[in-house]
$ cat start.txt   # compact mmCIF, C-alpha atoms
# COMPACT_ATOMS: atom_id res chain seq x y z
CA MET A 1 44.66 90.07 -20.55
CA LEU A 2 42.56 88.38 -23.24
CA VAL A 3 45.07 85.52 -23.48
CA ASP A 4 45.00 85.05 -19.70
CA ALA A 5 41.19 84.98 -19.70
CA GLN A 6 41.15 82.37 -22.47
CA GLN A 7 43.65 80.19 -20.59
CA VAL A 8 41.20 80.07 -17.67
CA TRP A 9 37.96 79.91 -19.66
CA PHE A 10 38.78 77.12 -22.12
CA PRO A 11 39.89 74.49 -19.52
CA ARG A 12 36.85 75.34 -17.40
CA CYS A 13 34.51 74.83 -20.34
CA ARG A 14 36.20 71.54 -21.26
CA THR A 15 35.73 70.32 -17.68
CA ILE A 16 32.06 71.29 -17.65
CA ARG A 17 31.41 69.58 -20.99
CA PHE A 18 33.17 66.41 -19.90
CA LEU A 19 31.29 66.17 -16.60
CA LYS A 20 27.90 66.81 -18.17
CA LYS A 21 28.41 64.22 -20.88
CA ASN A 22 30.40 61.51 -19.10
CA CYS A 23 29.73 61.92 -15.37
CA PRO A 24 26.09 63.07 -15.03
CA THR A 25 25.75 61.77 -11.47
CA VAL A 26 28.89 63.59 -10.34
CA TRP A 27 27.64 66.70 -12.16
CA ALA A 28 24.27 66.50 -10.38
CA LEU A 29 26.04 66.41 -7.00
CA LEU A 30 27.89 69.69 -7.55
CA ASN A 31 26.39 72.87 -6.14
CA GLN A 32 25.53 75.75 -8.46
CA GLU A 33 28.80 77.60 -7.93
CA ALA A 34 30.82 74.46 -8.72
CA LYS A 35 28.80 73.95 -11.89
CA ARG A 36 29.64 77.48 -13.03
CA ASN A 37 33.27 77.20 -11.96
CA PRO A 38 34.40 73.60 -11.32
CA PRO A 39 36.73 73.35 -8.30
CA ASN A 40 40.48 73.30 -8.85
CA GLY A 41 40.79 69.67 -7.74
CA ILE A 42 38.55 68.45 -10.56
CA GLN A 43 40.17 70.75 -13.12
CA GLU A 44 43.63 69.50 -12.12
CA PHE A 45 42.38 65.92 -12.38
CA LEU A 46 41.29 66.56 -15.96
CA SER A 47 44.43 68.35 -17.16
CA GLY A 48 48.13 67.71 -17.61
CA LYS A 49 49.80 64.57 -18.91
CA TRP A 50 47.50 62.26 -16.90
CA VAL A 51 44.27 63.70 -18.29
CA ARG A 52 43.20 60.38 -19.83
CA GLU A 53 43.66 58.59 -16.52
CA GLY A 54 41.76 61.32 -14.69
CA LYS A 55 38.82 61.01 -17.08
CA ARG A 56 38.79 57.24 -16.66
CA GLN A 57 38.76 57.47 -12.88
CA LEU A 58 35.97 60.04 -12.83
CA ARG A 59 33.84 57.85 -15.09
CA LEU A 60 34.38 54.93 -12.72
CA VAL A 61 33.49 56.94 -9.63
CA ASN A 62 30.39 58.25 -11.41
CA THR A 63 29.27 54.61 -11.64
CA ARG A 64 30.10 54.08 -7.97
CA ILE A 65 28.07 57.10 -6.88
CA SER A 66 25.09 55.95 -8.95
CA SER A 67 25.36 52.55 -7.30
CA LEU A 68 25.54 54.11 -3.84
CA ILE A 69 22.45 56.23 -4.55
CA ALA A 70 20.59 53.03 -5.46
CA LYS A 71 21.60 51.54 -2.08
CA THR A 72 20.65 54.66 -0.08
CA SER A 73 19.05 57.71 -1.70
CA GLU A 74 20.00 60.72 -3.77
CA ARG A 75 19.40 62.97 -0.77
CA ILE A 76 21.67 60.97 1.55
CA VAL A 77 24.52 60.81 -0.97
CA GLY A 78 24.11 64.50 -1.83
CA ASP A 79 24.10 65.58 1.80
CA THR A 80 27.23 63.51 2.43
CA TYR A 81 29.43 64.42 -0.53
CA ARG A 82 28.11 67.61 -2.18
CA ARG A 83 30.08 70.04 -0.04
CA ASP A 84 33.37 68.13 -0.31
CA LEU A 85 33.05 67.49 -4.04
CA SER A 86 32.04 71.06 -4.82
CA GLY A 87 34.93 72.54 -2.86
CA VAL A 88 37.74 70.07 -3.49
CA ASP A 89 40.74 72.29 -4.13
CA THR A 90 43.55 69.87 -4.99
CA GLU A 91 44.01 66.77 -7.12
CA SER A 92 45.21 64.88 -4.05
CA LYS A 93 42.08 65.68 -2.05
CA LEU A 94 39.91 64.56 -4.95
CA ALA A 95 41.82 61.25 -5.09
CA GLU A 96 41.15 60.81 -1.35
CA LEU A 97 37.45 61.40 -1.90
CA LEU A 98 37.33 58.94 -4.81
CA CYS A 99 38.93 56.25 -2.60
CA GLU A 100 36.34 56.93 0.09
CA VAL A 101 33.42 56.65 -2.34
CA THR A 102 34.83 53.42 -3.80
CA LEU A 103 35.24 51.90 -0.34
CA VAL A 104 31.81 53.01 0.85
CA ASP A 105 30.01 51.61 -2.18
CA ALA A 106 31.92 48.32 -1.97
CA LEU A 107 31.14 47.85 1.74
CA ALA A 108 27.51 48.84 1.17
CA GLY A 109 27.33 46.00 -1.33
CA ILE A 110 27.94 43.36 1.37
CA SER A 111 25.86 45.02 4.09
CA SER A 112 22.60 43.38 5.13
CA VAL A 113 21.01 46.81 5.71
CA PRO A 114 21.44 50.19 4.00
CA PRO A 115 24.74 51.80 5.05
CA VAL A 116 25.04 54.81 7.31
CA LEU A 117 27.35 57.37 5.70
CA ARG A 118 29.74 59.27 7.96
CA PRO A 119 28.18 58.22 11.27
CA LYS A 120 28.93 60.46 14.25
CA THR A 121 30.66 59.23 17.40
CA GLU A 122 29.73 60.29 20.92
CA ALA A 123 32.52 62.89 20.73
CA GLY A 124 31.15 64.39 17.50
CA LYS A 125 33.82 62.85 15.26
CA GLU A 126 32.96 60.70 12.26
CA CYS A 127 34.29 57.83 10.20
CA ASP A 128 33.26 57.10 6.62
CA ILE A 129 30.66 54.34 6.95
CA LYS A 130 28.77 51.96 9.16
CA VAL A 131 27.53 48.66 7.71
CA VAL A 132 26.14 45.43 9.10
CA ILE A 133 27.89 42.23 8.05
CA GLU A 134 26.77 38.85 9.38
CA GLY A 135 24.87 40.61 12.15
CA SER A 136 27.85 42.71 13.30
CA ASP A 137 28.07 46.50 13.08
CA LEU A 138 31.28 47.44 11.29
CA TYR A 139 32.64 50.98 11.14
CA GLY A 140 35.06 51.79 8.32
CA GLU A 141 37.42 54.68 7.65
CA SER A 142 39.36 55.32 4.44
CA LYS A 143 42.77 56.97 4.45
CA ARG A 144 44.77 57.65 1.28
CA LEU A 145 48.39 58.47 2.02
CA ALA A 146 50.36 58.47 -1.22
CA ASP A 147 54.10 57.89 -1.03
CA THR A 148 55.62 60.80 -2.95
CA TRP A 149 59.24 59.72 -2.53
CA LYS A 150 60.88 59.61 -5.96
CA GLY A 151 64.15 57.92 -5.03
CA GLY A 152 67.44 58.88 -3.47
CA VAL A 153 68.58 57.89 0.01
CA ARG A 154 65.87 56.73 2.37
CA SER A 155 66.34 55.03 5.71
CA ILE A 156 64.76 51.59 5.96
CA ALA A 157 64.86 51.47 9.76
CA LYS A 158 64.77 54.13 12.44
CA SER A 159 68.07 55.57 13.58
CA SER A 160 69.30 58.37 15.80
CA LEU A 161 69.83 61.82 14.36
CA GLU A 162 73.56 61.42 14.92
CA SER A 163 73.84 58.21 12.90
CA ARG A 164 71.51 59.13 10.05
CA SER A 165 72.89 60.62 6.87
CA PRO A 166 71.79 64.27 6.50
CA ASP A 167 70.71 63.50 2.91
CA ALA A 168 68.51 60.55 3.88
CA THR A 169 64.73 60.76 3.97
CA ARG A 170 63.29 59.40 7.19
CA PRO A 171 61.66 55.94 7.08
CA ARG A 172 58.21 55.84 5.50
CA ALA A 173 56.83 54.01 8.54
CA MET A 174 57.60 57.06 10.69
CA ASP A 175 55.57 59.27 8.32
CA LEU A 176 52.64 56.84 8.39
CA PHE A 177 52.79 56.54 12.16
CA SER A 178 52.52 60.31 12.66
CA LYS A 179 49.72 60.68 10.10
CA LEU A 180 47.65 57.77 11.46
CA LYS A 181 48.29 58.11 15.18
CA ASP A 182 45.04 59.99 15.92
CA VAL A 183 42.75 58.12 13.53
CA HIS A 184 41.31 56.15 16.46
CA MET A 185 39.43 59.32 17.44
CA GLN A 186 37.17 58.97 14.39
CA PHE A 187 35.72 55.68 15.64
CA PRO A 188 33.19 54.93 18.38
CA GLY A 189 34.29 52.84 21.36
CA ASN A 190 33.76 49.11 21.87
CA THR A 191 32.72 48.46 18.28
CA LEU A 192 34.21 46.68 15.30
CA ASN A 193 36.38 49.39 13.73
CA VAL A 194 38.43 48.88 10.56
CA LEU A 195 40.90 51.27 8.94
CA PHE A 196 41.25 50.92 5.16
CA LEU A 197 44.60 52.33 4.09
CA PHE A 198 45.27 53.30 0.47
CA HIS A 199 48.99 53.77 -0.08
CA PRO A 200 49.98 54.39 -3.73
CA SER A 201 53.70 53.72 -3.98
CA VAL A 202 56.24 52.08 -6.27
CA TRP A 203 58.15 50.89 -3.21
CA ASN A 204 57.58 48.20 -0.59
CA THR A 205 54.20 49.18 0.81
CA PRO A 206 53.55 45.97 2.86
CA VAL A 207 56.81 46.48 4.77
CA TYR A 208 56.01 50.13 5.47
CA ILE A 209 52.53 49.34 6.78
CA ARG A 210 53.71 46.37 8.86
CA GLN A 211 56.40 48.51 10.50
CA THR A 212 53.85 51.24 11.16
CA LEU A 213 51.43 48.87 12.89
CA PHE A 214 53.72 46.42 14.66
CA GLY A 215 56.93 48.40 15.04
CA ASP A 216 60.19 48.90 13.22
CA ALA A 217 61.59 45.44 14.00
CA SER A 218 58.66 43.74 12.21
CA GLY A 219 59.80 44.95 8.80
CA PHE A 220 60.97 41.55 7.65
CA ASP A 221 58.57 39.47 9.74
CA GLU A 222 56.21 38.05 7.12
CA SER A 223 54.22 35.88 9.52
CA ILE A 224 50.44 36.24 9.59
CA LEU A 225 50.61 37.96 12.98
CA PRO A 226 53.96 39.65 13.70
CA SER A 227 55.03 40.45 17.24
CA ILE A 228 54.03 43.89 18.51
CA HIS A 229 56.90 46.21 19.41
CA ASP A 230 56.68 49.36 21.51
CA ASP A 231 57.07 51.70 18.53
CA GLY A 232 54.09 50.33 16.57
CA LEU A 233 50.59 51.80 16.47
CA TYR A 234 49.14 48.53 17.77
CA ALA A 235 51.18 49.05 20.95
CA LEU A 236 49.24 52.24 21.76
CA SER A 237 46.38 51.83 24.24
CA GLU A 238 44.23 54.21 22.16
CA TRP A 239 44.60 51.94 19.16
CA GLN A 240 42.82 49.12 20.97
CA LYS A 241 39.72 50.75 19.46
CA ILE A 242 40.87 49.64 16.00
CA SER A 243 40.16 46.02 15.14
CA ALA A 244 42.21 45.82 11.95
CA CYS A 245 44.06 47.77 9.29
CA VAL A 246 43.41 46.79 5.67
CA HIS A 247 45.83 47.58 2.86
CA SER A 248 43.45 48.57 0.06
CA ARG A 249 43.75 49.51 -3.59
CA VAL A 250 41.47 50.72 -6.39
CA ASP A 251 42.16 48.63 -9.48
CA ASN A 252 42.08 49.89 -13.07
CA ASP A 253 38.48 48.74 -13.51
CA GLY A 254 37.35 50.63 -10.40
CA THR A 255 37.16 47.50 -8.26
CA LEU A 256 38.20 47.72 -4.62
CA SER A 257 41.02 45.25 -4.06
CA ILE A 258 42.01 44.09 -0.57
CA VAL A 259 45.74 43.40 -0.59
CA GLN A 260 46.22 42.36 3.04
CA ILE A 261 44.43 42.48 6.38
CA TRP A 262 46.42 43.03 9.56
CA LYS A 263 44.32 42.25 12.63
CA ASN A 264 45.06 44.03 15.88
CA PRO A 265 45.67 41.30 18.50
CA ARG A 266 45.10 43.83 21.29
CA ALA A 267 41.82 45.21 19.94
CA ASN A 268 38.85 45.68 22.26
CA VAL A 269 36.69 44.06 19.59
CA CYS A 270 38.48 41.53 17.40
CA LEU A 271 37.79 41.01 13.71
CA ALA A 272 36.44 37.47 13.35
CA ASP A 273 37.91 35.23 10.67
CA THR A 274 34.52 34.96 8.93
CA LEU A 275 34.23 38.75 8.66
CA ALA A 276 37.83 39.03 7.48
CA GLU A 277 37.01 36.55 4.72
CA LYS A 278 34.03 38.68 3.68
CA LEU A 279 36.20 41.80 3.55
CA ALA A 280 38.92 40.04 1.59
CA VAL A 281 36.65 39.59 -1.41
CA VAL A 282 34.71 42.84 -1.25
CA GLY A 283 34.81 44.61 -4.61

$ encode --input "start.txt" --output "structure tokens"
Amino acid sequence: MLVDAQQVWFPRCRTIRFLKKNCPTVWALLNQEAKRNPPNGIQEFLSGKWVREGKRQLRLVNTRISSLIAKTSERIVGDTYRRDLSGVDTESKLAELLCEVTLVDALAGISSVPPVLRPKTEAGKECDIKVVIEGSDLYGESKRLADTWKGGVRSIAKSSLESRSPDATRPRAMDLFSKLKDVHMQFPGNTLNVLFLFHPSVWNTPVYIRQTLFGDASGFDESILPSIHDDGLYALSEWQKISACVHSRVDNDGTLSIVQIWKNPRANVCLADTLAEKLAVVG
């Protein structure tokens, strides 16, 4: 029993010491219970063979949160993130939250007015941020959908159940389609709405995202604006609310990197070229 207690107590103490010393802004955001017993998501992030990487990422997000507080206020940032950060129960959920904070701070940096964090829609839903860029209200939502496929047989294109090998994993675009189909509900109507998609993968992410948005047949269409096919998200009437999908990445130095912007040609409110250029260099 003593050994079991030590196995729990020592990692918890190491996490607390690290946060206090290296991530004081993150530490200040945690509620009292999370300070006594850091949530599992943070403890997982600071353990295992990737502990050094986890520490580096938490230091970077600590800087991002401090920057966001300077752009808004400590109360606003605390009210927005304290509950999620204090209760994050998996490493994956923490990574999602870190992507959101990175995106929000980066967009706030190019906004002409202080950002609104997690603005509510008329239906009571919320996206991650509202900013004003060149006089236009822009609503942004971050989604991190890591590709956990480690190899083996995976279908590149859709096929019938009869023709697909029983050992093959279904196409990644099908997974993304199902996970993103309802994201339009998080945005208000008739506004400039942009989805920022983080997709960690060692495989061909641009092809996966293009197939998800424009349809399976667009996989090898590398034109700026591929044709829309019936099985793509951009073919859905509900997705006319979304102006663009942005393939995003957090670089090793904590910078937000915009890999590619796919505009929705059927959007109710189109993303202007000048705004797309602003987004392309946001960091």

$ residues_around --input "start.txt" --residues "region 211-227 of chain A" --least-positions-apart "3" --cutoff "10 Å" --atoms "only C-alpha atoms" --output "MDAnalysis selection string"
chainID A and resid 156:158 171:178 180:181 205:208 230:236 239 244:245 260:265

$ atom_distance --input "start.txt" --atom1 "CA of Glu238 (chain A)" --atom2 "CA of Val259 (chain A)"
25.2 Å

$ residues_near_point --input "start.txt" --point "(36.2, 76.3, -7.8)" --cutoff "12 Å" --atoms "only C-alpha atoms" --output "list in words"
Val8, Arg12, Thr15, Ile16, Leu30, Asn31, Gln32, Glu33, Ala34, Lys35, Arg36, Asn37, Pro38, Pro39, Asn40, Gly41, Ile42, Gln43, Glu44, Arg83, Asp84, Leu85, Ser86, Gly87, Val88, Asp89 and Thr90 of chain A

$ closest_atom_pairs --input "start.txt" --of "region 182-225 of chain A" --to "region 99-111 of chain A" --cutoff "10 Å" --atoms "only C-alpha atoms" --output "JSON lines"
{"residue": "A:Phe196", "atom": "CA", "partner": "A:Leu103", "partner_atom": "CA", "distance": 8.2}
{"residue": "A:Leu197", "atom": "CA", "partner": "A:Cys99", "partner_atom": "CA", "distance": 9.6}
{"residue": "A:Phe198", "atom": "CA", "partner": "A:Cys99", "partner_atom": "CA", "distance": 7.6}

$ atom_distance --input "start.txt" --atom1 "CA of Arg82 (chain A)" --atom2 "CA of Tyr139 (chain A)"
21.8 Å
